[in-house]
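Colleague: Here you go, data.cif (mmCIF, C-alpha atoms):
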data_entry
loop_
_atom_site.label_atom_id
_atom_site.label_comp_id
_atom_site.auth_asym_id
_atom_site.auth_seq_id
_atom_site.Cartn_x
_atom_site.Cartn_y
_atom_site.Cartn_z
CA MET P 1 -33.35 18.92 141.36
CA GLY P 2 -35.42 16.09 139.93
CA ALA P 3 -35.06 17.41 136.39
CA LEU P 4 -31.33 17.90 136.85
CA ALA P 5 -30.92 14.34 138.09
CA ILE P 6 -32.86 13.01 135.12
CA THR P 7 -30.75 15.08 132.75
CA ALA P 8 -27.51 13.80 134.21
CA THR P 9 -28.68 10.20 134.09
CA VAL P 10 -29.80 10.46 130.47
CA ALA P 11 -26.59 12.25 129.50
CA LEU P 12 -24.53 9.34 130.79
CA ALA P 13 -26.52 6.79 128.82
CA GLY P 14 -27.44 8.96 125.85
CA CYS P 15 -24.78 7.79 123.43
CA SER P 16 -25.69 4.14 123.82
CA THR P 17 -29.45 4.68 123.70
CA MET P 18 -29.80 7.04 120.75
CA PRO P 19 -31.34 5.46 117.62
CA THR P 20 -28.87 5.36 114.73
CA SER P 21 -28.24 3.50 111.45
CA GLY P 22 -24.67 2.51 112.29
CA PRO P 23 -21.58 3.26 114.32
CA ALA P 24 -20.61 6.83 115.05
CA SER P 25 -17.54 8.14 113.29
CA SER P 26 -15.64 8.29 116.57
CA TYR P 27 -16.35 4.60 117.22
CA VAL P 28 -15.00 3.56 113.82
CA ARG P 29 -11.88 5.70 114.15
CA ALA P 30 -11.23 4.44 117.68
CA GLY P 31 -10.38 1.03 116.23
CA GLN P 32 -10.94 -2.26 118.01
CA THR P 33 -12.68 -1.56 121.35
CA ASP P 34 -14.67 -4.78 121.84
CA PRO P 35 -12.42 -7.85 122.15
CA GLU P 36 -15.34 -10.04 121.08
CA SER P 37 -15.89 -8.12 117.86
CA VAL P 38 -14.38 -8.78 114.44
CA HIS P 39 -10.90 -7.29 114.12
CA TYR P 40 -10.54 -4.75 111.34
CA ALA P 41 -7.92 -2.40 109.95
CA LEU P 42 -8.40 1.29 109.22
CA VAL P 43 -6.87 2.65 106.00
CA ARG P 44 -7.15 6.25 104.92
CA LEU P 45 -7.86 6.70 101.21
CA THR P 46 -5.00 8.65 99.70
CA ALA P 47 -3.21 8.78 96.37
CA ASP P 48 -0.68 6.24 97.70
CA THR P 49 -3.48 3.90 98.77
CA GLU P 50 -5.03 4.20 95.34
CA ARG P 51 -1.76 3.30 93.64
CA VAL P 52 -1.49 0.12 95.71
CA LEU P 53 -5.05 -0.88 94.80
CA VAL P 54 -4.47 -0.20 91.11
CA ARG P 55 -1.39 -2.43 91.13
CA ASN P 56 -3.49 -5.23 92.58
CA SER P 57 -6.66 -4.73 90.54
CA ARG P 58 -8.25 -7.72 88.84
CA ARG P 59 -6.50 -7.87 85.49
CA ILE P 60 -5.42 -10.90 83.51
CA ASP P 61 -2.20 -9.29 82.32
CA ARG P 62 -1.05 -8.87 85.93
CA VAL P 63 -1.25 -12.64 86.48
CA PHE P 64 0.23 -13.69 83.12
CA THR P 65 3.11 -11.36 82.36
CA ASP P 66 4.50 -13.29 79.37
CA ARG P 67 4.32 -10.85 76.45
CA ARG P 68 5.68 -13.24 73.82
CA GLY P 69 3.70 -13.86 70.66
CA PRO P 70 1.97 -17.10 69.71
CA PRO P 71 3.94 -20.28 70.46
CA GLU P 72 5.00 -22.79 67.84
CA ILE P 73 2.52 -25.60 67.36
CA ARG P 74 4.16 -28.85 68.44
CA PHE P 75 2.82 -32.36 68.07
CA GLY P 76 1.35 -34.07 71.11
CA ILE P 77 -0.04 -37.45 72.10
CA GLY P 78 -3.32 -38.06 70.27
CA ASP P 79 -2.61 -35.79 67.31
CA THR P 80 -3.14 -37.33 63.87
CA VAL P 81 -0.37 -36.66 61.35
CA SER P 82 0.30 -37.38 57.71
CA VAL P 83 3.73 -38.29 56.33
CA THR P 84 4.76 -38.04 52.68
CA LEU P 85 8.18 -39.44 51.65
CA PHE P 86 10.04 -38.27 48.54
CA GLU P 87 13.02 -39.73 46.65
CA SER P 88 15.03 -38.06 43.91
CA MET P 89 14.51 -40.89 41.37
CA ALA P 90 12.72 -44.19 40.86
CA GLY P 91 14.23 -47.45 41.93
CA GLY P 92 14.68 -46.34 45.48
CA LEU P 93 13.17 -47.57 48.69
CA PHE P 94 9.61 -46.36 48.08
CA THR P 95 9.28 -45.96 44.27
CA PRO P 96 9.73 -48.95 41.88
CA THR P 97 12.17 -48.84 38.96
CA GLU P 98 9.43 -49.30 36.41
CA ALA P 99 7.89 -46.03 37.51
CA GLY P 100 10.65 -44.19 35.62
CA THR P 101 12.62 -41.20 36.63
CA ARG P 102 10.35 -38.23 37.19
CA GLN P 103 10.16 -35.25 39.48
CA GLY P 104 8.18 -36.01 42.61
CA ASN P 105 8.74 -39.69 43.19
CA TYR P 106 6.88 -39.98 46.46
CA VAL P 107 4.63 -42.12 48.62
CA THR P 108 2.07 -40.97 51.18
CA LEU P 109 1.75 -43.08 54.31
CA PRO P 110 -1.62 -43.71 55.96
CA ASN P 111 -2.51 -41.12 58.55
CA GLN P 112 -1.49 -42.15 62.05
CA ALA P 113 -1.92 -40.88 65.58
CA VAL P 114 0.96 -40.01 67.86
CA ASN P 115 0.91 -42.98 70.26
CA TYR P 116 0.98 -42.90 74.04
CA LYS P 117 4.79 -42.97 73.96
CA GLY P 118 4.81 -39.86 71.77
CA ASN P 119 6.04 -41.63 68.63
CA ILE P 120 4.96 -42.30 65.03
CA THR P 121 6.22 -45.12 62.81
CA VAL P 122 7.93 -44.78 59.41
CA PRO P 123 8.70 -47.89 57.33
CA TYR P 124 12.44 -48.69 57.43
CA GLY P 125 12.88 -45.73 59.72
CA GLY P 126 11.35 -47.20 62.83
CA SER P 127 9.81 -45.16 65.66
CA ILE P 128 10.23 -41.45 65.28
CA ARG P 129 9.73 -39.13 68.22
CA ALA P 130 6.92 -36.67 67.45
CA ALA P 131 5.54 -35.40 70.77
CA GLY P 132 6.99 -32.04 71.68
CA ARG P 133 8.45 -31.47 68.23
CA THR P 134 7.53 -29.14 65.40
CA PRO P 135 6.73 -30.55 61.92
CA GLU P 136 10.17 -29.43 60.69
CA GLU P 137 11.90 -31.26 63.52
CA VAL P 138 9.98 -34.47 62.80
CA GLN P 139 10.77 -34.17 59.07
CA ASN P 140 14.48 -33.87 59.82
CA ALA P 141 14.33 -36.91 62.10
CA ILE P 142 12.65 -38.99 59.37
CA VAL P 143 15.20 -37.97 56.74
CA LYS P 144 18.04 -38.86 59.06
CA SER P 145 16.56 -42.31 59.72
CA LEU P 146 16.24 -43.03 55.94
CA GLN P 147 19.32 -41.38 54.50
CA ASP P 148 21.32 -44.63 54.25
CA ARG P 149 18.48 -46.54 52.56
CA ALA P 150 16.44 -44.23 50.38
CA ILE P 151 17.70 -42.13 47.45
CA GLU P 152 18.16 -38.59 48.74
CA PRO P 153 15.06 -38.86 50.91
CA GLN P 154 12.88 -35.90 51.81
CA ALA P 155 9.79 -35.84 54.04
CA VAL P 156 6.74 -33.63 54.51
CA VAL P 157 4.85 -33.97 57.78
CA ALA P 158 1.50 -32.27 58.35
CA LEU P 159 -0.98 -32.08 61.20
CA VAL P 160 -4.32 -33.64 60.18
CA ASP P 161 -6.31 -33.71 63.41
CA GLN P 162 -5.21 -31.52 66.29
CA LYS P 163 -5.93 -32.96 69.74
CA ALA P 164 -3.01 -32.19 72.04
CA THR P 165 -2.63 -28.49 71.24
CA SER P 166 -6.19 -27.38 71.85
CA ILE P 167 -7.78 -24.62 73.91
CA SER P 168 -10.93 -25.22 75.96
CA VAL P 169 -13.57 -22.48 75.93
CA LEU P 170 -16.30 -23.11 78.49
CA GLY P 171 -19.23 -21.39 80.15
CA GLU P 172 -21.66 -18.91 78.68
CA VAL P 173 -20.48 -18.85 75.07
CA GLY P 174 -22.31 -19.77 71.89
CA THR P 175 -20.59 -23.14 71.41
CA PRO P 176 -18.44 -24.40 74.31
CA ALA P 177 -15.73 -26.61 72.81
CA ARG P 178 -12.10 -27.62 72.64
CA LEU P 179 -10.69 -25.64 69.75
CA PRO P 180 -7.39 -26.35 67.99
CA ALA P 181 -4.74 -23.71 68.57
CA SER P 182 -3.99 -21.60 65.54
CA ALA P 183 -0.42 -21.43 64.27
CA SER P 184 -0.93 -17.75 63.50
CA GLY P 185 -1.77 -17.03 67.13
CA GLU P 186 -5.01 -15.91 68.75
CA ARG P 187 -5.85 -13.63 71.61
CA LEU P 188 -8.61 -14.07 74.18
CA LEU P 189 -11.20 -12.18 72.14
CA ASP P 190 -10.33 -14.25 69.05
CA ILE P 191 -10.80 -17.62 70.75
CA ILE P 192 -14.03 -16.48 72.45
CA THR P 193 -15.31 -15.36 69.05
CA ARG P 194 -14.45 -18.77 67.57
CA ALA P 195 -16.55 -20.34 70.33
CA GLY P 196 -19.58 -18.28 69.31
CA GLY P 197 -18.97 -15.22 71.46
CA PRO P 198 -20.42 -14.56 74.92
CA LYS P 199 -24.12 -15.29 75.34
CA ASN P 200 -24.49 -12.23 77.53
CA PRO P 201 -22.15 -9.51 76.25
CA GLY P 202 -23.17 -7.19 79.09
CA PHE P 203 -21.35 -5.52 81.93
CA ASP P 204 -21.88 -8.56 84.19
CA THR P 205 -19.83 -10.89 81.97
CA TRP P 206 -16.43 -12.02 83.26
CA VAL P 207 -13.57 -14.01 81.73
CA THR P 208 -11.22 -16.36 83.59
CA LEU P 209 -8.05 -17.69 82.00
CA GLU P 210 -6.47 -20.78 83.59
CA ARG P 211 -2.93 -21.75 82.64
CA ASP P 212 -0.41 -23.98 84.39
CA GLY P 213 -2.41 -24.00 87.63
CA ARG P 214 -2.81 -20.21 87.78
CA GLN P 215 -5.95 -18.16 87.18
CA GLY P 216 -6.55 -14.60 86.08
CA THR P 217 -10.01 -13.01 85.98
CA ALA P 218 -11.19 -9.74 84.47
CA PRO P 219 -14.45 -8.20 83.23
CA PHE P 220 -15.20 -8.95 79.60
CA GLY P 221 -15.40 -5.21 78.96
CA SER P 222 -11.80 -4.80 80.07
CA LEU P 223 -10.62 -6.96 77.15
CA LEU P 224 -11.84 -4.14 74.92
CA SER P 225 -11.10 -1.12 77.08
CA GLN P 226 -7.75 -2.36 78.42
CA PRO P 227 -6.05 -4.15 75.49
CA ALA P 228 -3.25 -5.40 77.75
CA ASN P 229 -5.78 -7.90 79.16
CA ASN P 230 -6.39 -9.35 75.69
CA ILE P 231 -3.29 -11.58 75.80
CA PHE P 232 -2.32 -14.45 73.50
CA VAL P 233 -3.85 -17.81 74.40
CA ARG P 234 -1.64 -20.89 74.39
CA PRO P 235 -2.24 -24.63 73.94
CA GLN P 236 -3.82 -26.29 76.98
CA ASP P 237 -5.32 -23.00 78.19
CA THR P 238 -8.85 -23.01 79.59
CA VAL P 239 -11.04 -19.95 79.04
CA TYR P 240 -14.18 -19.70 81.16
CA VAL P 241 -16.85 -17.08 80.44
CA PHE P 242 -19.46 -16.49 83.13
CA THR P 243 -22.00 -13.98 84.39
CA GLN P 244 -21.68 -12.49 87.86
CA PRO P 245 -23.89 -9.50 88.76
CA GLN P 246 -21.93 -6.84 90.64
CA THR P 247 -23.67 -5.06 93.52
CA PHE P 248 -22.81 -2.80 96.44
CA LEU P 249 -24.63 -1.69 99.59
CA ALA P 250 -25.19 1.92 100.69
CA MET P 251 -26.09 2.63 104.32
CA GLY P 252 -26.14 5.46 106.79
CA ALA P 253 -26.63 9.09 105.82
CA SER P 254 -26.78 8.53 102.07
CA GLY P 255 -29.60 9.77 99.89
CA GLN P 256 -30.90 6.24 99.43
CA GLN P 257 -30.13 3.07 101.34
CA GLY P 258 -30.14 -0.42 99.89
CA GLN P 259 -28.47 -2.69 97.38
CA PHE P 260 -27.47 -1.25 94.02
CA SER P 261 -26.28 -2.83 90.79
CA PHE P 262 -23.06 -1.57 89.23
CA GLY P 263 -24.71 -1.12 85.85
CA ALA P 264 -21.23 -1.09 84.25
CA TRP P 265 -18.18 -3.33 84.12
CA ARG P 266 -16.26 -0.74 86.14
CA LEU P 267 -17.72 1.52 88.83
CA THR P 268 -15.86 4.15 90.86
CA LEU P 269 -16.69 5.19 94.41
CA ALA P 270 -17.87 8.59 93.20
CA GLU P 271 -20.25 6.93 90.74
CA ALA P 272 -21.49 4.52 93.41
CA MET P 273 -22.25 7.36 95.82
CA ALA P 274 -24.10 9.19 93.05
CA LYS P 275 -26.19 6.06 92.34
CA ALA P 276 -27.15 6.01 96.02
CA GLY P 277 -28.29 9.62 95.93
CA GLY P 278 -25.14 11.19 97.34
CA LEU P 279 -24.87 12.30 100.97
CA LYS P 280 -27.74 13.83 102.93
CA ASP P 281 -26.89 17.50 103.34
CA ASP P 282 -28.65 17.73 106.73
CA HIS P 283 -27.33 14.45 108.18
CA ALA P 284 -24.02 13.26 106.73
CA ASP P 285 -20.50 14.02 107.88
CA PRO P 286 -18.57 14.32 104.58
CA GLY P 287 -15.34 13.69 106.45
CA SER P 288 -16.50 10.24 107.56
CA VAL P 289 -17.39 8.10 104.56
CA PHE P 290 -16.38 4.47 105.16
CA ILE P 291 -15.98 1.60 102.69
CA TYR P 292 -16.04 -1.91 104.16
CA ARG P 293 -14.15 -4.60 102.22
CA GLY P 294 -12.17 -7.80 102.67
CA GLU P 295 -8.70 -7.45 101.14
CA PRO P 296 -6.25 -10.29 100.40
CA ARG P 297 -3.45 -10.49 102.94
CA GLU P 298 -0.76 -9.50 100.46
CA VAL P 299 -2.70 -6.38 99.48
CA ALA P 300 -3.34 -5.47 103.12
CA LYS P 301 0.40 -5.74 103.81
CA GLN P 302 1.15 -3.36 100.96
CA LEU P 303 -1.37 -0.94 102.51
CA GLY P 304 0.66 -0.96 105.72
CA VAL P 305 -1.68 -3.17 107.75
CA ASP P 306 -0.23 -5.34 110.52
CA CYS P 307 -1.67 -8.71 109.49
CA THR P 308 -0.34 -10.77 112.41
CA ARG P 309 -3.68 -10.76 114.22
CA TYR P 310 -5.64 -11.92 111.16
CA SER P 311 -5.69 -15.65 110.50
CA GLY P 312 -7.72 -15.94 107.29
CA PRO P 313 -6.77 -15.16 103.70
CA LEU P 314 -8.88 -11.97 103.78
CA VAL P 315 -8.29 -9.02 106.08
CA PRO P 316 -11.33 -6.86 107.03
CA VAL P 317 -10.46 -3.32 106.00
CA ILE P 318 -12.41 -0.10 106.51
CA TYR P 319 -11.32 2.64 104.12
CA ILE P 320 -11.85 6.23 105.30
CA LEU P 321 -12.69 8.87 102.69
CA ASP P 322 -12.60 12.55 103.70
CA LEU P 323 -14.82 14.57 101.38
CA ARG P 324 -14.27 17.75 103.37
CA ASP P 325 -10.94 17.79 101.56
CA PRO P 326 -11.58 18.87 97.95
CA GLY P 327 -8.92 16.40 96.84
CA GLY P 328 -11.04 13.59 98.26
CA TYR P 329 -13.33 13.81 95.26
CA PHE P 330 -10.42 13.03 92.93
CA ILE P 331 -9.65 9.96 95.04
CA ALA P 332 -13.32 8.92 94.84
CA THR P 333 -13.26 9.11 91.04
CA GLU P 334 -10.30 6.70 90.94
CA PHE P 335 -11.22 4.25 93.71
CA GLU P 336 -12.70 1.20 91.98
CA MET P 337 -15.65 -0.51 93.66
CA ARG P 338 -15.74 -4.30 94.04
CA ASN P 339 -18.59 -6.73 94.31
CA LYS P 340 -20.36 -6.63 97.73
CA ASP P 341 -18.57 -3.50 98.96
CA VAL P 342 -20.43 -1.58 101.69
CA ILE P 343 -20.51 2.23 101.77
CA PHE P 344 -21.45 3.73 105.13
CA ALA P 345 -21.86 7.48 105.55
CA SER P 346 -21.69 8.49 109.20
CA ASN P 347 -23.98 11.10 110.76
CA ALA P 348 -22.54 14.50 111.61
CA THR P 349 -21.94 15.21 115.31
CA SER P 350 -24.61 17.92 115.28
CA VAL P 351 -27.18 15.35 114.18
CA GLU P 352 -26.37 13.14 117.13
CA ALA P 353 -26.59 16.17 119.46
CA THR P 354 -30.00 17.07 118.04
CA LYS P 355 -31.19 13.52 118.55
CA PHE P 356 -30.00 13.63 122.12
CA MET P 357 -31.74 16.92 122.88
CA THR P 358 -34.98 15.65 121.37
CA TYR P 359 -34.69 12.47 123.40
CA LEU P 360 -33.90 14.47 126.55
CA ARG P 361 -36.97 16.66 126.07
CA LEU P 362 -39.07 13.54 125.65
CA ILE P 363 -37.76 12.06 128.91
CA ILE P 364 -38.22 15.28 130.89
CA GLY P 365 -41.69 15.73 129.44
CA THR P 366 -42.63 12.18 130.35
CA VAL P 367 -41.65 12.82 134.00
CA SER P 368 -43.04 16.35 134.33
CA ASP P 369 -46.37 15.88 132.56
CA PRO P 370 -48.04 13.94 135.47
CA ILE P 371 -46.77 16.58 137.93
CA VAL P 372 -48.16 19.43 135.84
CA ALA P 373 -51.44 17.57 135.43
CA GLY P 374 -51.67 17.10 139.24
CA ILE P 375 -50.99 20.78 139.93
CA ASP P 376 -53.59 21.80 137.35
CA ALA P 377 -56.17 19.48 138.89
CA TYR P 378 -55.40 20.83 142.40
CA THR P 379 -55.72 24.41 141.16
CA LEU P 380 -59.07 23.75 139.49
CA LYS P 381 -60.38 22.07 142.63
CA GLY P 382 -59.31 25.03 144.78
CA LEU P 383 -61.02 27.47 142.47
CA ALA P 384 -64.16 25.42 142.52
CA ASN P 385 -64.19 25.36 146.37
CA GLY P 386 -63.36 29.06 146.63
CA SER P 387 -60.21 28.38 148.62
CA ILE P 388 -58.09 29.98 145.90
CA SER P 389 -58.84 33.48 144.75
CA GLY P 390 -59.52 33.98 141.11
CA ALA P 391 -57.00 36.80 141.10
CA THR P 392 -54.27 34.50 142.33
CA THR P 393 -51.86 33.43 139.61
CA ILE P 394 -50.16 30.05 139.85
CA VAL P 395 -47.42 29.23 137.39
CA THR P 396 -47.69 25.50 136.73
CA SER P 397 -45.52 24.97 133.73
CA SER P 398 -42.92 26.66 131.65
CA ARG P 399 -44.21 25.04 128.48
#
Would you write out, as structure tokens, the structure that this file holds?
Modeller:
Amino acid sequence: MGALAITATVALAGCSTMPTSGPASSYVRAGQTDPESVHYALVRLTADTERVLVRNSRRIDRVFTDRRGPPEIRFGIGDTVSVTLFESMAGGLFTPTEAGTRQGNYVTLPNQAVNYKGNITVPYGGSIRAAGRTPEEVQNAIVKSLQDRAIEPQAVVALVDQKATSISVLGEVGTPARLPASASGERLLDIITRAGGPKNPGFDTWVTLERDGRQGTAPFGSLLSQPANNIFVRPQDTVYVFTQPQTFLAMGASGQQGQFSFGAWRLTLAEAMAKAGGLKDDHADPGSVFIYRGEPREVAKQLGVDCTRYSGPLVPVIYILDLRDPGGYFIATEFEMRNKDVIFASNATSVEATKFMTYLRLIIGTVSDPIVAGIDAYTLKGLANGSISGATTIVTSSR
């Protein structure tokens, strides 16, 4: 009876007292059971889930969808311009009569900067609006202002020093600088190359493009492997190149536990599990592989999560991958890991049962050992005193 009572008591408390590396699969799937705990959402990894994540992956071309080519270079405040004025013959406004009639009667004005009002000054023409205009538009405005004074005037306007239409390239590049925008157009890789290229052209290098208050970030490697990310830069853009090591954590019944580096600009779940030694064949439940991640609210909504109980910008999500399903491996080869993701492989139910039985035997042994020792001592004493016959057999233990 004593052993049965001990067994029943241990059975009631066994689940909460067994040593383990994390929550049991049933606990995770049960959802929120402790009101004091962090709320989380459960999302099963399927082909539909993967499509939602791909649509929201970190790509610059998803933030900046303008596919137009390079913009026209327009003058801006601070730019230095040159103006050359032509007349068809001498004796006009800018060429004296004694110069004679010759092709190319012209005068070049001193270089001048576009002032804070956005204007330049032309003799006898007054203030000419330059900011926001192309060279051709400024030339036409000058000709119009002089047509009643000069002899068939013509004008040539050129950009001497480009200040307003520049692109800033910052961070871990050879020569961080503000670079003038090229009229022929440049893409992200072109402007980074002009700045000396990335100092660390490895898989941990990232590129952020900021434009009009919006930001898009992508791995440097994706500019090469996914050409859609290599978009045209525009005046006033800021390009920031930086290094950010990407790591993930593997816990539970994986071959190895710890923190692992991506070792590539893109890492899939299948590759991450392989880096961690796969699943332990004698411990893991392949149907209960969990990935812990914080997803933006808009992404969580697309995944079908009810976000009303989450107040922050990130929603804690636990993805469930079932590798008992052969198709689960295809999902794992497409699911893209993110920095600081946590992979937890749950123990199989049989492992927990084995732990419990081992623990139960330890408890029963701890209680019965003193009893067995007492019976053995009593038996030895009886034999020594002759009160127990040597032919008498006493069963003291079933061990």
Colleague: For P:Lys301, find every residue with an atom within 12 Å (counting only C-alpha atoms), except residues of its own chain fewer than 5 positions away, and show them as a PDB file with C-alpha atoms, keeping the file's coordinate frame.
Modeller:
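Below is the file that was written, part29.pdb:
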ATOM      1  CA  ALA P  41      -7.920  -2.400 109.950  1.00  0.00           C
ATOM      2  CA  VAL P  43      -6.870   2.650 106.000  1.00  0.00           C
ATOM      3  CA  THR P  49      -3.480   3.900  98.770  1.00  0.00           C
ATOM      4  CA  VAL P  52      -1.490   0.120  95.710  1.00  0.00           C
ATOM      5  CA  LEU P  53      -5.050  -0.880  94.800  1.00  0.00           C
ATOM      6  CA  ASN P  56      -3.490  -5.230  92.580  1.00  0.00           C
ATOM      7  CA  GLU P 295      -8.700  -7.450 101.140  1.00  0.00           C
ATOM      8  CA  PRO P 296      -6.250 -10.290 100.400  1.00  0.00           C
ATOM      9  CA  ASP P 306      -0.230  -5.340 110.520  1.00  0.00           C
ATOM     10  CA  CYS P 307      -1.670  -8.710 109.490  1.00  0.00           C
ATOM     11  CA  THR P 308      -0.340 -10.770 112.410  1.00  0.00           C
ATOM     12  CA  TYR P 310      -5.640 -11.920 111.160  1.00  0.00           C
ATOM     13  CA  PRO P 313      -6.770 -15.160 103.700  1.00  0.00           C
ATOM     14  CA  LEU P 314      -8.880 -11.970 103.780  1.00  0.00           C
ATOM     15  CA  VAL P 315      -8.290  -9.020 106.080  1.00  0.00           C
ATOM     16  CA  VAL P 317     -10.460  -3.320 106.000  1.00  0.00           C
TER      17      VAL P 317
END
Colleague: To verify the selection step, state as a CSV table (one decimal) with C-alpha atoms, keeping the file's coordinate frame which residues the PyMOL selection byres ((chain P and resi 109) around 10) yields on this input.
Modeller:
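That gives us result_18.csv:
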chain,number,residue,atom,x,y,z
P,81,VAL,CA,-0.4,-36.7,61.4
P,82,SER,CA,0.3,-37.4,57.7
P,83,VAL,CA,3.7,-38.3,56.3
P,84,THR,CA,4.8,-38.0,52.7
P,85,LEU,CA,8.2,-39.4,51.6
P,106,TYR,CA,6.9,-40.0,46.5
P,107,VAL,CA,4.6,-42.1,48.6
P,108,THR,CA,2.1,-41.0,51.2
P,110,PRO,CA,-1.6,-43.7,56.0
P,111,ASN,CA,-2.5,-41.1,58.6
P,112,GLN,CA,-1.5,-42.2,62.0
P,121,THR,CA,6.2,-45.1,62.8
P,122,VAL,CA,7.9,-44.8,59.4
P,123,PRO,CA,8.7,-47.9,57.3
Colleague: Might you spell out which residues the PyMOL selection byres ((chain P and resi 216) around 9) would select in the displayed file, as number ranges by chain?
Modeller: P: 58-64, 207-211, 214-215, 217-218
Colleague: Counting all atoms listed in the file, which residue out of P:Gln139, P:Asn230, P:Thr238, P:Asn339 sits closest to P:Ala272?
Modeller: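 Closest residue, counting all atoms listed in the file: P:Asn339.
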Colleague: Report the closest atom pair, with its distance in Å rounded to one decimal, for each residue of stretch 198-276 of chain P that has an atom no farther than 7 Å from stretch 169-179 of chain P; count only C-alpha atoms, sort by chain and then rising residue number, and write it as JSON lines.
Modeller:
{"residue": "P:Pro198", "atom": "CA", "partner": "P:Val173", "partner_atom": "CA", "distance": 4.3}
{"residue": "P:Lys199", "atom": "CA", "partner": "P:Val173", "partner_atom": "CA", "distance": 5.1}
{"residue": "P:Thr238", "atom": "CA", "partner": "P:Val169", "partner_atom": "CA", "distance": 6.0}
{"residue": "P:Val239", "atom": "CA", "partner": "P:Val169", "partner_atom": "CA", "distance": 4.7}
{"residue": "P:Tyr240", "atom": "CA", "partner": "P:Leu170", "partner_atom": "CA", "distance": 4.8}
{"residue": "P:Val241", "atom": "CA", "partner": "P:Gly171", "partner_atom": "CA", "distance": 4.9}
{"residue": "P:Phe242", "atom": "CA", "partner": "P:Glu172", "partner_atom": "CA", "distance": 5.5}
Colleague: Using only C-alpha atoms, can you list as a PDB file with C-alpha atoms, keeping the file's coordinate frame the residues within 12 Å of (-5.3, -35.2, 66.5)?
Modeller:
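Saved as result-v6.pdb:
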ATOM      1  CA  ARG P  74       4.160 -28.850  68.440  1.00  0.00           C
ATOM      2  CA  PHE P  75       2.820 -32.360  68.070  1.00  0.00           C
ATOM      3  CA  GLY P  76       1.350 -34.070  71.110  1.00  0.00           C
ATOM      4  CA  ILE P  77      -0.040 -37.450  72.100  1.00  0.00           C
ATOM      5  CA  GLY P  78      -3.320 -38.060  70.270  1.00  0.00           C
ATOM      6  CA  ASP P  79      -2.610 -35.790  67.310  1.00  0.00           C
ATOM      7  CA  THR P  80      -3.140 -37.330  63.870  1.00  0.00           C
ATOM      8  CA  VAL P  81      -0.370 -36.660  61.350  1.00  0.00           C
ATOM      9  CA  SER P  82       0.300 -37.380  57.710  1.00  0.00           C
ATOM     10  CA  ASN P 111      -2.510 -41.120  58.550  1.00  0.00           C
ATOM     11  CA  GLN P 112      -1.490 -42.150  62.050  1.00  0.00           C
ATOM     12  CA  ALA P 113      -1.920 -40.880  65.580  1.00  0.00           C
ATOM     13  CA  VAL P 114       0.960 -40.010  67.860  1.00  0.00           C
ATOM     14  CA  ASN P 115       0.910 -42.980  70.260  1.00  0.00           C
ATOM     15  CA  ALA P 131       5.540 -35.400  70.770  1.00  0.00           C
ATOM     16  CA  ALA P 158       1.500 -32.270  58.350  1.00  0.00           C
ATOM     17  CA  LEU P 159      -0.980 -32.080  61.200  1.00  0.00           C
ATOM     18  CA  VAL P 160      -4.320 -33.640  60.180  1.00  0.00           C
ATOM     19  CA  ASP P 161      -6.310 -33.710  63.410  1.00  0.00           C
ATOM     20  CA  GLN P 162      -5.210 -31.520  66.290  1.00  0.00           C
ATOM     21  CA  LYS P 163      -5.930 -32.960  69.740  1.00  0.00           C
ATOM     22  CA  ALA P 164      -3.010 -32.190  72.040  1.00  0.00           C
ATOM     23  CA  THR P 165      -2.630 -28.490  71.240  1.00  0.00           C
ATOM     24  CA  SER P 166      -6.190 -27.380  71.850  1.00  0.00           C
ATOM     25  CA  ARG P 178     -12.100 -27.620  72.640  1.00  0.00           C
ATOM     26  CA  LEU P 179     -10.690 -25.640  69.750  1.00  0.00           C
ATOM     27  CA  PRO P 180      -7.390 -26.350  67.990  1.00  0.00           C
ATOM     28  CA  ALA P 181      -4.740 -23.710  68.570  1.00  0.00           C
TER      29      ALA P 181
END
Colleague: Run the PyMOL selection byres ((chain P and resi 289) around 9) against the file shown and list the residues it catches, as number ranges by chain.
Modeller: P: 25, 284-288, 290-291, 319-323, 343-346
Colleague: Using Å and a single decimal, report how far atom CA of P:Thr247 sits from atom CA of P:Gly31.
Modeller: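 These atoms are spaced 27.0 Å apart.
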Colleague: What is the atom CA of P:Ser145 to atom CA of P:Gly126 distance in Å?
Modeller: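 These atoms are spaced 7.8 Å apart.
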Colleague: Given the choices P:Lys275, P:Pro35, P:Ala270, P:Leu188, which gets closest to P:Gln256 if the distance is worked out from only C-alpha atoms?
Modeller: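 Between P:Lys275, P:Pro35, P:Ala270, P:Leu188, the residue approaching P:Gln256 most closely is P:Lys275.
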Colleague: Which residues, protein or nucleic acid, reach to within 12 Å of (-28.3, 6.9, 105.9) in the file's coordinates when using only C-alpha atoms, and can you give that as JSON, numbers by chain?
Modeller: {"P": [20, 21, 22, 23, 24, 249, 250, 251, 252, 253, 254, 255, 256, 257, 258, 273, 276, 277, 278, 279, 280, 281, 282, 283, 284, 285, 289, 343, 344, 345, 346, 347, 348, 351]}
Colleague: Could you check the closest approach to P:Ala264 for each of P:Leu303, P:Met337, P:Leu380, P:Ile231 and tell me which residue wins, using only C-alpha atoms?
Modeller: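 Of all the options, P:Met337 lies closest to P:Ala264.
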Colleague: Rounded to one decimal place, report the atom CA of P:Arg55-atom CA of P:Gln302 distance in Å.
Modeller: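 Taking atom CA of P:Arg55 and atom CA of P:Gln302, their separation equals 10.2 Å.
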Colleague: For a quick check of understanding, using all atoms listed in the file, which of P:Pro135, P:Phe248, P:Ile192, P:Leu224 has the smallest distance to P:Ser261?
Modeller: P:Phe248
Colleague: Please write out, as AutoDock Vina command-line options, where the centre of an axis-aligned box around all listed atoms of stretch 145-163 of chain P lies and how long its edges are, in Å to one decimal, after adding 3 Å on each side.
Modeller:
--center_x 7.5 --center_y -39.0 --center_z 58.6 --size_x 33.6 --size_y 21.0 --size_z 28.3
